[in-house]
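Student: This is run-v6.cif, which holds mmCIF, C-alpha atoms and all ligand atoms:
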```cif
data_data
#
loop_
_atom_site.group_PDB
_atom_site.id
_atom_site.type_symbol
_atom_site.label_atom_id
_atom_site.label_comp_id
_atom_site.auth_asym_id
_atom_site.auth_seq_id
_atom_site.Cartn_x
_atom_site.Cartn_y
_atom_site.Cartn_z
ATOM 1 C CA MET A 1 112.648 102.638 121.180
ATOM 2 C CA LYS A 2 110.656 102.570 124.335
ATOM 3 C CA PRO A 3 107.220 101.052 123.806
ATOM 4 C CA SER A 4 104.439 103.103 125.267
ATOM 5 C CA THR A 5 100.841 102.333 125.931
ATOM 6 C CA GLY A 6 99.747 105.920 126.070
ATOM 7 C CA GLY A 7 101.757 107.691 128.758
ATOM 8 C CA ASN A 8 104.583 110.094 128.040
ATOM 9 C CA PRO A 9 108.177 108.846 127.991
ATOM 10 C CA ALA A 10 109.667 111.690 130.002
ATOM 11 C CA PRO A 11 108.564 114.926 131.669
ATOM 12 C CA GLY A 12 108.418 117.877 129.317
ATOM 13 C CA THR A 13 107.734 115.800 126.232
ATOM 14 C CA LYS A 14 103.998 116.111 125.868
ATOM 15 C CA THR A 15 102.932 115.856 122.228
ATOM 16 C CA LEU A 16 99.137 115.853 122.347
ATOM 17 C CA TRP A 17 97.559 119.116 121.238
ATOM 18 C CA SER A 18 94.815 118.532 123.800
ATOM 19 C CA GLU A 19 97.331 118.334 126.659
ATOM 20 C CA LEU A 20 99.564 121.279 125.744
ATOM 21 C CA LEU A 21 99.426 124.689 127.373
ATOM 22 C CA PRO A 22 99.531 127.649 124.963
ATOM 23 C CA TYR A 23 103.234 128.382 125.534
ATOM 24 C CA GLU A 24 104.094 124.699 125.140
ATOM 25 C CA PHE A 25 102.116 124.560 121.898
ATOM 26 C CA LYS A 26 103.934 127.608 120.527
ATOM 27 C CA GLN A 27 107.310 126.131 121.477
ATOM 28 C CA ARG A 28 106.637 122.812 119.773
ATOM 29 C CA LEU A 29 105.112 124.551 116.739
ATOM 30 C CA ALA A 30 108.195 126.783 116.371
ATOM 31 C CA GLN A 31 110.495 123.746 116.589
ATOM 32 C CA CYS A 32 108.520 121.659 114.098
ATOM 33 C CA PRO A 33 105.358 123.025 112.424
ATOM 34 C CA VAL A 34 104.034 119.538 111.623
ATOM 35 C CA VAL A 35 100.704 118.219 112.909
ATOM 36 C CA TYR A 36 99.762 114.531 112.963
ATOM 37 C CA LEU A 37 96.204 113.348 112.445
ATOM 38 C CA PRO A 38 95.564 109.759 113.592
ATOM 39 C CA LEU A 39 92.580 108.163 111.825
ATOM 40 C CA GLY A 40 90.745 104.953 112.579
ATOM 41 C CA LEU A 41 87.360 103.645 113.623
ATOM 42 C CA CYS A 42 85.637 101.013 115.677
ATOM 43 C CA GLU A 43 85.026 97.878 113.620
ATOM 44 C CA PRO A 44 85.242 94.175 114.437
ATOM 45 C CA HIS A 45 88.646 92.514 114.517
ATOM 46 C CA GLY A 46 87.461 89.083 115.579
ATOM 47 C CA GLN A 47 86.269 88.079 119.034
ATOM 48 C CA VAL A 48 89.816 88.403 120.311
ATOM 49 C CA SER A 49 90.541 92.077 119.755
ATOM 50 C CA ALA A 50 89.243 95.493 120.776
ATOM 51 C CA PHE A 51 87.124 97.378 118.225
ATOM 52 C CA GLY A 52 89.456 100.373 118.135
ATOM 53 C CA LEU A 53 92.557 98.587 116.839
ATOM 54 C CA ASP A 54 92.859 100.864 113.795
ATOM 55 C CA THR A 55 92.604 104.088 115.798
ATOM 56 C CA ILE A 56 94.860 102.850 118.582
ATOM 57 C CA LYS A 57 97.717 101.904 116.271
ATOM 58 C CA ALA A 58 97.454 105.182 114.325
ATOM 59 C CA GLU A 59 97.586 107.134 117.598
ATOM 60 C CA TRP A 60 100.576 105.147 118.811
ATOM 61 C CA LEU A 61 102.499 105.773 115.583
ATOM 62 C CA CYS A 62 101.758 109.490 115.653
ATOM 63 C CA HIS A 63 102.781 109.800 119.310
ATOM 64 C CA GLN A 64 106.031 107.971 118.689
ATOM 65 C CA ALA A 65 106.861 110.060 115.623
ATOM 66 C CA ALA A 66 106.096 113.312 117.457
ATOM 67 C CA TRP A 67 108.347 112.299 120.346
ATOM 68 C CA GLN A 68 111.177 111.363 118.036
ATOM 69 C CA ALA A 69 110.894 113.800 115.129
ATOM 70 C CA GLY A 70 108.895 116.669 116.641
ATOM 71 C CA GLY A 71 105.466 118.059 115.916
ATOM 72 C CA ILE A 72 102.081 117.941 117.637
ATOM 73 C CA VAL A 73 99.439 115.196 117.598
ATOM 74 C CA ALA A 74 95.922 116.448 116.825
ATOM 75 C CA PRO A 75 92.851 114.878 118.430
ATOM 76 C CA SER A 76 92.210 111.503 116.791
ATOM 77 C CA MET A 77 89.380 110.835 114.381
ATOM 78 C CA GLY A 78 87.676 107.612 115.464
ATOM 79 C CA TYR A 79 85.033 107.558 112.705
ATOM 80 C CA HIS A 80 85.930 106.489 109.197
ATOM 81 C CA ILE A 81 84.582 105.413 105.817
ATOM 82 C CA HIS A 82 83.142 101.899 105.910
ATOM 83 C CA GLU A 83 80.106 100.043 104.484
ATOM 84 C CA SER A 84 80.194 101.883 101.139
ATOM 85 C CA GLY A 85 81.543 100.530 97.851
ATOM 86 C CA TYR A 86 83.996 97.648 98.218
ATOM 87 C CA HIS A 87 83.397 97.567 101.980
ATOM 88 C CA ALA A 88 79.849 96.253 101.398
ATOM 89 C CA GLY A 89 81.050 93.034 99.748
ATOM 90 C CA TRP A 90 83.781 92.653 102.327
ATOM 91 C CA LEU A 91 81.257 92.997 105.153
ATOM 92 C CA GLU A 92 78.907 90.470 103.591
ATOM 93 C CA GLU A 93 81.760 87.998 103.382
ATOM 94 C CA ASN A 94 83.352 88.670 106.784
ATOM 95 C CA VAL A 95 80.510 89.824 109.011
ATOM 96 C CA GLY A 96 77.386 88.548 107.233
ATOM 97 C CA LYS A 97 74.212 89.042 109.245
ATOM 98 C CA GLU A 98 75.937 90.145 112.433
ATOM 99 C CA ASN A 99 75.942 93.653 113.834
ATOM 100 C CA PRO A 100 79.554 94.784 113.442
ATOM 101 C CA HIS A 101 79.146 97.596 116.030
ATOM 102 C CA MET A 102 81.039 100.054 113.816
ATOM 103 C CA THR A 103 81.643 103.808 113.840
ATOM 104 C CA ALA A 104 81.255 104.172 110.071
ATOM 105 C CA VAL A 105 80.373 107.301 108.139
ATOM 106 C CA PRO A 106 79.775 107.800 104.382
ATOM 107 C CA PRO A 107 82.649 109.049 102.175
ATOM 108 C CA ALA A 108 81.181 112.492 101.461
ATOM 109 C CA VAL A 109 80.684 113.195 105.175
ATOM 110 C CA PHE A 110 84.135 111.960 106.080
ATOM 111 C CA LEU A 111 85.941 113.845 103.304
ATOM 112 C CA SER A 112 84.015 117.039 104.039
ATOM 113 C CA PHE A 113 85.024 116.891 107.690
ATOM 114 C CA PHE A 114 88.586 116.039 106.682
ATOM 115 C CA LEU A 115 88.816 119.286 104.667
ATOM 116 C CA TYR A 116 87.650 121.243 107.698
ATOM 117 C CA GLN A 117 90.221 119.451 109.851
ATOM 118 C CA LEU A 118 92.923 120.561 107.396
ATOM 119 C CA ARG A 119 91.566 124.099 107.616
ATOM 120 C CA ALA A 120 91.790 124.001 111.415
ATOM 121 C CA PHE A 121 95.415 122.842 111.238
ATOM 122 C CA VAL A 122 96.504 125.590 108.842
ATOM 123 C CA ASN A 123 94.623 128.231 110.809
ATOM 124 C CA ALA A 124 96.346 127.017 113.986
ATOM 125 C CA GLY A 125 99.727 127.697 112.371
ATOM 126 C CA PHE A 126 100.892 124.325 111.018
ATOM 127 C CA GLN A 127 102.702 124.147 107.699
ATOM 128 C CA ALA A 128 102.548 120.408 107.157
ATOM 129 C CA VAL A 129 100.013 117.716 107.986
ATOM 130 C CA VAL A 130 100.873 114.051 108.407
ATOM 131 C CA VAL A 131 97.778 111.857 108.233
ATOM 132 C CA ILE A 132 98.115 108.274 109.416
ATOM 133 C CA THR A 133 95.157 105.992 108.878
ATOM 134 C CA GLY A 134 95.003 102.644 110.645
ATOM 135 C CA HIS A 135 91.927 101.759 108.573
ATOM 136 C CA SER A 136 93.089 101.052 105.049
ATOM 137 C CA GLY A 137 92.385 98.844 102.070
ATOM 138 C CA GLY A 138 91.668 101.648 99.593
ATOM 139 C CA ASN A 139 90.009 104.509 101.493
ATOM 140 C CA GLN A 140 93.374 106.261 101.853
ATOM 141 C CA GLU A 141 93.256 106.900 98.080
ATOM 142 C CA ASP A 142 90.160 109.051 98.537
ATOM 143 C CA LEU A 143 91.804 110.943 101.375
ATOM 144 C CA ARG A 144 94.766 111.675 99.119
ATOM 145 C CA GLN A 145 92.401 112.901 96.417
ATOM 146 C CA ALA A 146 90.817 115.358 98.854
ATOM 147 C CA ALA A 147 94.255 116.370 100.169
ATOM 148 C CA ASP A 148 95.413 117.068 96.603
ATOM 149 C CA ARG A 149 92.449 119.388 96.000
ATOM 150 C CA PHE A 150 93.244 121.171 99.274
ATOM 151 C CA MET A 151 96.914 121.575 98.329
ATOM 152 C CA ALA A 152 95.910 123.009 94.941
ATOM 153 C CA TYR A 153 94.612 126.057 96.872
ATOM 154 C CA ILE A 154 96.645 126.145 100.069
ATOM 155 C CA PRO A 155 100.454 125.944 99.920
ATOM 156 C CA VAL A 156 100.945 123.413 102.738
ATOM 157 C CA LYS A 157 102.099 119.814 102.645
ATOM 158 C CA VAL A 158 99.504 117.135 103.398
ATOM 159 C CA TRP A 159 100.977 113.637 103.500
ATOM 160 C CA VAL A 160 98.529 110.723 103.824
ATOM 161 C CA ARG A 161 99.567 107.129 104.462
ATOM 162 C CA SER A 162 98.020 103.979 105.868
ATOM 163 C CA ASP A 163 100.299 102.058 108.220
ATOM 164 C CA PRO A 164 100.859 99.142 105.788
ATOM 165 C CA GLU A 165 102.042 101.692 103.222
ATOM 166 C CA LEU A 166 104.754 102.783 105.667
ATOM 167 C CA VAL A 167 106.250 99.285 105.592
ATOM 168 C CA GLN A 168 105.480 98.335 102.014
ATOM 169 C CA GLY A 169 107.868 95.672 100.738
ATOM 170 C CA MET A 170 108.699 94.599 104.309
ATOM 171 C CA TYR A 171 105.339 93.528 105.730
ATOM 172 C CA THR A 172 101.906 92.985 104.237
ATOM 173 C CA GLY A 173 98.932 94.536 105.983
ATOM 174 C CA ASP A 174 95.821 92.512 106.730
ATOM 175 C CA HIS A 175 92.595 92.674 108.668
ATOM 176 C CA ALA A 176 92.734 91.152 112.153
ATOM 177 C CA GLY A 177 95.323 88.620 111.052
ATOM 178 C CA LYS A 178 98.972 88.003 111.798
ATOM 179 C CA TYR A 179 99.946 91.602 110.917
ATOM 180 C CA GLU A 180 97.289 93.588 112.756
ATOM 181 C CA LEU A 181 96.895 91.440 115.832
ATOM 182 C CA SER A 182 100.664 91.464 116.285
ATOM 183 C CA GLN A 183 100.578 95.258 116.231
ATOM 184 C CA LEU A 184 97.981 95.410 118.985
ATOM 185 C CA MET A 185 99.659 92.632 121.012
ATOM 186 C CA TYR A 186 102.756 94.798 121.111
ATOM 187 C CA ILE A 187 101.271 98.224 121.844
ATOM 188 C CA ARG A 188 98.222 97.228 123.935
ATOM 189 C CA PRO A 189 98.525 93.596 125.056
ATOM 190 C CA ASP A 190 95.641 94.226 127.443
ATOM 191 C CA LEU A 191 93.299 94.657 124.452
ATOM 192 C CA VAL A 192 93.911 91.230 122.885
ATOM 193 C CA ASP A 193 92.508 88.049 124.408
ATOM 194 C CA MET A 194 93.175 84.977 122.276
ATOM 195 C CA LYS A 195 91.123 82.907 124.731
ATOM 196 C CA ALA A 196 88.046 84.749 123.460
ATOM 197 C CA ARG A 197 88.254 82.626 120.288
ATOM 198 C CA GLY A 198 85.899 80.281 122.122
ATOM 199 C CA TRP A 199 83.098 82.789 121.465
ATOM 200 C CA GLU A 200 83.267 82.040 117.748
ATOM 201 C CA ASN A 201 81.297 78.869 118.323
ATOM 202 C CA VAL A 202 78.731 80.290 120.738
ATOM 203 C CA PRO A 203 75.362 80.937 119.029
ATOM 204 C CA LEU A 204 74.506 84.633 118.572
ATOM 205 C CA SER A 205 78.007 85.701 119.570
ATOM 206 C CA GLY A 206 78.919 86.830 116.062
ATOM 207 C CA GLY A 207 81.161 84.010 114.843
ATOM 208 C CA ARG A 208 84.592 84.907 113.486
ATOM 209 C CA LEU A 209 83.736 88.604 113.128
ATOM 210 C CA ALA A 210 86.314 89.278 110.416
ATOM 211 C CA LEU A 211 89.205 87.507 112.139
ATOM 212 C CA GLY A 212 92.075 86.836 109.715
ATOM 213 C CA SER A 213 92.846 83.228 108.838
ATOM 214 C CA ASP A 214 96.446 83.505 110.096
ATOM 215 C CA ALA A 215 95.546 85.219 113.384
ATOM 216 C CA ASP A 216 97.092 82.385 115.404
ATOM 217 C CA GLU A 217 100.513 83.333 114.010
ATOM 218 C CA ALA A 218 100.381 86.809 115.585
ATOM 219 C CA SER A 219 102.938 87.674 118.248
ATOM 220 C CA PRO A 220 104.068 90.751 120.173
ATOM 221 C CA GLU A 221 107.597 90.207 118.843
ATOM 222 C CA LEU A 222 106.390 90.548 115.261
ATOM 223 C CA GLY A 223 104.268 93.522 116.317
ATOM 224 C CA LYS A 224 107.347 95.243 117.724
ATOM 225 C CA GLU A 225 109.229 94.765 114.442
ATOM 226 C CA ILE A 226 106.315 96.086 112.383
ATOM 227 C CA MET A 227 105.624 99.096 114.599
ATOM 228 C CA GLU A 228 109.272 100.088 114.871
ATOM 229 C CA ALA A 229 109.643 99.868 111.088
ATOM 230 C CA CYS A 230 106.528 102.038 110.693
ATOM 231 C CA VAL A 231 107.927 104.661 113.091
ATOM 232 C CA GLN A 232 111.294 104.680 111.372
ATOM 233 C CA ARG A 233 109.696 105.364 107.993
ATOM 234 C CA LEU A 234 107.390 107.952 109.481
ATOM 235 C CA CYS A 235 110.198 109.844 111.212
ATOM 236 C CA ALA A 236 112.295 109.815 108.046
ATOM 237 C CA GLU A 237 109.379 111.381 106.161
ATOM 238 C CA VAL A 238 108.754 114.021 108.833
ATOM 239 C CA ASN A 239 112.438 114.985 108.786
ATOM 240 C CA HIS A 240 112.266 115.207 105.005
ATOM 241 C CA ILE A 241 109.091 117.305 105.068
ATOM 242 C CA GLN A 242 110.508 119.620 107.702
ATOM 243 C CA ALA A 243 113.756 120.156 105.796
ATOM 244 C CA ALA A 244 111.801 121.167 102.705
ATOM 245 C CA LEU A 245 109.526 123.679 104.456
ATOM 246 C CA THR A 246 109.921 127.344 103.695
ATOM 247 C CA PRO A 247 108.259 129.293 106.503
ATOM 248 C CA VAL A 248 105.420 131.422 105.175
ATOM 249 C CA GLU A 249 102.696 133.261 107.016
ATOM 250 C CA GLN A 250 99.439 131.676 105.850
ATOM 251 C CA PRO A 251 96.339 133.853 105.729
ATOM 252 C CA LYS A 252 93.424 132.362 107.687
ATOM 253 C CA ILE A 253 91.283 130.083 105.524
ATOM 254 C CA PRO A 254 87.623 131.147 105.469
ATOM 255 C CA TYR A 255 84.700 128.682 105.316
ATOM 256 C CA SER A 256 83.984 129.890 101.783
ATOM 257 C CA LEU A 257 87.275 128.556 100.407
ATOM 258 C CA ILE A 258 86.754 125.147 102.025
ATOM 259 C CA GLU A 259 83.242 125.034 100.565
ATOM 260 C CA LYS A 260 84.715 125.690 97.099
ATOM 261 C CA ILE A 261 87.282 122.885 97.557
ATOM 262 C CA ARG A 262 84.614 120.606 99.049
ATOM 263 C CA GLY A 263 82.429 121.180 95.974
ATOM 264 C CA GLU A 264 85.282 120.058 93.729
ATOM 265 C CA VAL A 265 85.977 117.014 95.896
ATOM 266 C CA LEU A 266 82.305 115.981 95.909
ATOM 267 C CA ARG A 267 82.011 116.435 92.152
ATOM 268 C CA GLY A 268 84.845 113.908 91.824
ATOM 269 C CA SER A 269 82.890 111.204 93.667
ATOM 270 C CA SER A 270 82.737 108.999 90.576
ATOM 271 C CA SER A 271 86.466 108.371 91.018
ATOM 272 C CA TRP A 272 86.317 107.536 94.740
ATOM 273 C CA VAL A 273 87.440 104.005 95.421
ATOM 274 C CA THR A 274 85.040 103.826 98.388
ATOM 275 C CA ALA A 275 82.036 104.553 96.178
ATOM 276 C CA ARG A 276 81.869 101.240 94.332
ATOM 277 C CA PRO A 277 83.033 97.604 94.409
ATOM 278 C CA TRP A 278 86.495 96.722 93.206
ATOM 279 C CA PRO A 279 86.585 95.626 89.547
ATOM 280 C CA GLY A 280 85.649 91.951 89.547
ATOM 281 C CA GLN A 281 84.516 91.962 93.199
ATOM 282 C CA LYS A 282 81.596 89.603 93.862
ATOM 283 C CA GLN A 283 78.252 91.422 93.879
ATOM 284 C CA VAL A 284 76.541 91.722 97.247
ATOM 285 C CA SER A 285 73.507 89.426 97.440
ATOM 286 C CA PRO A 286 70.151 91.220 97.080
ATOM 287 C CA TYR A 287 68.900 90.670 100.644
ATOM 288 C CA SER A 288 72.172 91.382 102.424
ATOM 289 C CA GLN A 289 72.117 94.143 105.042
ATOM 290 C CA TRP A 290 75.040 95.646 103.098
ATOM 291 C CA LYS A 291 73.321 95.804 99.686
ATOM 292 C CA PRO A 292 72.172 99.462 99.991
ATOM 293 C CA TYR A 293 75.768 100.660 100.379
ATOM 294 C CA GLU A 294 77.363 98.826 97.457
ATOM 295 C CA TYR A 295 77.065 101.779 95.073
ATOM 296 C CA TYR A 296 77.409 105.135 96.776
ATOM 297 C CA GLU A 297 76.107 108.169 94.933
HETATM 298 ZN ZN ZN A 301 92.146 97.040 111.418
#
```
Step by step, read the file and then write its structure as structure tokens.
Ligand SMILES: [Zn+2]

Tutor:
Amino acid sequence: MKPSTGGNPAPGTKTLWSELLPYEFKQRLAQCPVVYLPLGLCEPHGQVSAFGLDTIKAEWLCHQAAWQAGGIVAPSMGYHIHESGYHAGWLEENVGKENPHMTAVPPAVFLSFFLYQLRAFVNAGFQAVVVITGHSGGNQEDLRQAADRFMAYIPVKVWVRSDPELVQGMYTGDHAGKYELSQLMYIRPDLVDMKARGWENVPLSGGRLALGSDADEASPELGKEIMEACVQRLCAEVNHIQAALTPVEQPKIPYSLIEKIRGEVLRGSSSWVTARPWPGQKQVSPYSQWKPYEYYE
């Protein structure tokens, strides 16, 4: 597999929805009616890494899969659920009093927008949606819950996975540690600077900023193995999804139907994993900047 840092591997193989001309879109859609949605956000990954690691790796995986297995890559979503529920305790522990400079949104806002993204995909003619989230740790469960409600009304396939789930049993995901930094070292070496570790000891610089304890073990070689394994799994799933599709003309989805589904999703908020701490997770201290988000109603 040819690693890419964003360009296209060969002429005539554009995969980004935003770059396609109408006839190119129709051609790709007819060949493979699968759309990819890369999800991530800006959040700290230590002093050594770019904020957008999660989004960048999700985009890379979707581009690679579209080149190899077909389909079209939708515009990325660079805002994601953070702060709320279990994230609050995690932030207190890993970021403390610092400003994490994040692009976080609350679960209800994110899931509402997600349902409208799914609507846009179906209305544009896609029959299957592959959602890859580079930000994981539990939030993908809530996405799947919303996707399930959507699929109860609309007969399309919505498949949601975080990247560590693609390589479950082979590699273990982490936050800004050996796993994640290796991924970025491979796909965007220009966005990792291990020399920036010096900033951890400079006052007011933010300290470790959620850097994983095994970050020094990261390498582009490991990143290549992880990313190629992710792509392999992803392509296998897309081939499987495509083989199982029975072409049907979907009626356009009106706002009113999404509002009905959204109401059901929001009424299920008590079961969202991003709405509360994990069982047994340490309570956030009363004066922490993250305390207000610990229990999301
Ligand atoms: Zn990450």

Student: Could you tell me, as a ChimeraX atom specification, exactly which residues end up selected when the PyMOL selection byres (((chain A and resi 62) around 12) and not hetatm) is applied to this structure?

Tutor: /A:4,6,15-17,34-39,55-61,63-76,129-134,161-163,227,230-235,238

Student: Store the residues of this selection in a file with C-alpha atoms, as a PDB file, in the frame of the given file.

Tutor:
```pdb
ATOM      1  CA  SER A   4     104.439 103.103 125.267  1.00  0.00           C
ATOM      2  CA  GLY A   6      99.747 105.920 126.070  1.00  0.00           C
ATOM      3  CA  THR A  15     102.932 115.856 122.228  1.00  0.00           C
ATOM      4  CA  LEU A  16      99.137 115.853 122.347  1.00  0.00           C
ATOM      5  CA  TRP A  17      97.559 119.116 121.238  1.00  0.00           C
ATOM      6  CA  VAL A  34     104.034 119.538 111.623  1.00  0.00           C
ATOM      7  CA  VAL A  35     100.704 118.219 112.909  1.00  0.00           C
ATOM      8  CA  TYR A  36      99.762 114.531 112.963  1.00  0.00           C
ATOM      9  CA  LEU A  37      96.204 113.348 112.445  1.00  0.00           C
ATOM     10  CA  PRO A  38      95.564 109.759 113.592  1.00  0.00           C
ATOM     11  CA  LEU A  39      92.580 108.163 111.825  1.00  0.00           C
ATOM     12  CA  THR A  55      92.604 104.088 115.798  1.00  0.00           C
ATOM     13  CA  ILE A  56      94.860 102.850 118.582  1.00  0.00           C
ATOM     14  CA  LYS A  57      97.717 101.904 116.271  1.00  0.00           C
ATOM     15  CA  ALA A  58      97.454 105.182 114.325  1.00  0.00           C
ATOM     16  CA  GLU A  59      97.586 107.134 117.598  1.00  0.00           C
ATOM     17  CA  TRP A  60     100.576 105.147 118.811  1.00  0.00           C
ATOM     18  CA  LEU A  61     102.499 105.773 115.583  1.00  0.00           C
ATOM     19  CA  HIS A  63     102.781 109.800 119.310  1.00  0.00           C
ATOM     20  CA  GLN A  64     106.031 107.971 118.689  1.00  0.00           C
ATOM     21  CA  ALA A  65     106.861 110.060 115.623  1.00  0.00           C
ATOM     22  CA  ALA A  66     106.096 113.312 117.457  1.00  0.00           C
ATOM     23  CA  TRP A  67     108.347 112.299 120.346  1.00  0.00           C
ATOM     24  CA  GLN A  68     111.177 111.363 118.036  1.00  0.00           C
ATOM     25  CA  ALA A  69     110.894 113.800 115.129  1.00  0.00           C
ATOM     26  CA  GLY A  70     108.895 116.669 116.641  1.00  0.00           C
ATOM     27  CA  GLY A  71     105.466 118.059 115.916  1.00  0.00           C
ATOM     28  CA  ILE A  72     102.081 117.941 117.637  1.00  0.00           C
ATOM     29  CA  VAL A  73      99.439 115.196 117.598  1.00  0.00           C
ATOM     30  CA  ALA A  74      95.922 116.448 116.825  1.00  0.00           C
ATOM     31  CA  PRO A  75      92.851 114.878 118.430  1.00  0.00           C
ATOM     32  CA  SER A  76      92.210 111.503 116.791  1.00  0.00           C
ATOM     33  CA  VAL A 129     100.013 117.716 107.986  1.00  0.00           C
ATOM     34  CA  VAL A 130     100.873 114.051 108.407  1.00  0.00           C
ATOM     35  CA  VAL A 131      97.778 111.857 108.233  1.00  0.00           C
ATOM     36  CA  ILE A 132      98.115 108.274 109.416  1.00  0.00           C
ATOM     37  CA  THR A 133      95.157 105.992 108.878  1.00  0.00           C
ATOM     38  CA  GLY A 134      95.003 102.644 110.645  1.00  0.00           C
ATOM     39  CA  ARG A 161      99.567 107.129 104.462  1.00  0.00           C
ATOM     40  CA  SER A 162      98.020 103.979 105.868  1.00  0.00           C
ATOM     41  CA  ASP A 163     100.299 102.058 108.220  1.00  0.00           C
ATOM     42  CA  MET A 227     105.624  99.096 114.599  1.00  0.00           C
ATOM     43  CA  CYS A 230     106.528 102.038 110.693  1.00  0.00           C
ATOM     44  CA  VAL A 231     107.927 104.661 113.091  1.00  0.00           C
ATOM     45  CA  GLN A 232     111.294 104.680 111.372  1.00  0.00           C
ATOM     46  CA  ARG A 233     109.696 105.364 107.993  1.00  0.00           C
ATOM     47  CA  LEU A 234     107.390 107.952 109.481  1.00  0.00           C
ATOM     48  CA  CYS A 235     110.198 109.844 111.212  1.00  0.00           C
ATOM     49  CA  VAL A 238     108.754 114.021 108.833  1.00  0.00           C
TER      50      VAL A 238
END
```

Student: Counting only C-alpha atoms and all ligand atoms, which protein, DNA or RNA residues come within 7 Å of ligand ZN 301 (chain A), given as a list in words?

Tutor: His45, Leu53, Asp54, Gly134, His135, His175, Ala176 and Glu180 of chain A

Student: With distances taken over all atoms listed in the file, which of A:Gly125, A:Tyr79, A:Pro44, A:Gly263 is nearest to A:Arg28?

Tutor: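 That would be A:Gly125, the residue with the smallest distance to A:Arg28.
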
Student: Taking (100.3, 95.8, 125.1) in the file's coordinates, which residues come within 12 Å, counting all atoms listed in the file, written as a PyMOL selection string?

Tutor: chain A and resi 3-6+49-50+53+56-57+60+181-193+219-221+223-224

Student: Could you spell out the hits of the PyMOL selection byres (((chain A and resi 89) around 8) and not hetatm) on the shown file, as a ChimeraX atom specification?

Tutor: /A:85-88,90-93,277,281-284,290,294

Student: What lies within 12 Å of A:Pro107 using all atoms listed in the file, ignoring chain neighbours under 5 positions off, as number ranges by chain?

Tutor: A: 79-85, 87, 112-114, 138-143, 145-146, 265-266, 268-276, 293, 295-297

Student: Leaving out stretch 204-207 of chain A and any residue of its chain fewer than 4 positions from it, which residues lie within 9 Å of it when counting all atoms listed in the file, given as a compact mmCIF listing (two decimals) with C-alpha atoms, in the coordinates of the input?

Tutor:
```txt
# COMPACT_ATOMS: atom_id res chain seq x y z
CA GLY A 46 87.46 89.08 115.58
CA GLN A 47 86.27 88.08 119.03
CA VAL A 95 80.51 89.82 109.01
CA LYS A 97 74.21 89.04 109.24
CA GLU A 98 75.94 90.14 112.43
CA ASN A 99 75.94 93.65 113.83
CA PRO A 100 79.55 94.78 113.44
CA TRP A 199 83.10 82.79 121.46
CA GLU A 200 83.27 82.04 117.75
```

Student: Which residues come within 9 Å of A:Gly96, counting all atoms listed in the file, excluding same-chain residues fewer than 6 positions away, as a list in words?

Tutor: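 Within the cut-off, the hits are Leu209, Ser288, Gln289 and Trp290 of chain A.
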
Student: Which residue out of A:Ser256, A:Val48, A:Leu29, A:Glu228 has the minimum interatomic distance to A:Met194 when all atoms listed in the file are used?

Tutor: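 The closest residue to A:Met194 is A:Val48.
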
Student: Quick check, in Å to one decimal: how far apart do atom CA of A:Glu249 and atom CA of A:Pro155 lie?

Tutor: 10.4 Å

Student: Between atom CA of A:Gly52 and atom CA of A:Gly40, what distance in Å does the model show, to one decimal?

Tutor: 7.3 Å

Student: Neighbouring residues of A:Ala243 were defined as those with any atom within 12 Å, considering only C-alpha atoms; residues of the same chain fewer than 2 positions away were excluded. Please report them as a list in words.

Tutor: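 So the residues in contact are Gln31, Cys32, Pro33, Val34, Ala69, Gln127, Ala128, Ala236, Glu237, Val238, Asn239, His240, Ile241, Leu245, Thr246 and Pro247 of chain A.
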
Student: Using only C-alpha atoms, which of A:Leu41, A:Gly177, A:Val158, A:Asp148 sits nearest A:Thr103?

Tutor: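 Using only C-alpha atoms, the shortest distance to A:Thr103 belongs to A:Leu41.
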
Student: Near A:Tyr255, within 9 Å and counting all atoms listed in the file, which residues show up once chain neighbours fewer than 5 positions away are dropped, as a list in words?

Tutor: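 Using all atoms listed in the file, the neighbours found are Tyr116, Arg119 and Lys260 of chain A.
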
Student: When you count all atoms listed in the file, which of these residues is closest to A:Phe25: A:Lys252, A:Phe126, A:Val202, A:Val105?

Tutor: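 Of all the options, A:Phe126 lies closest to A:Phe25.
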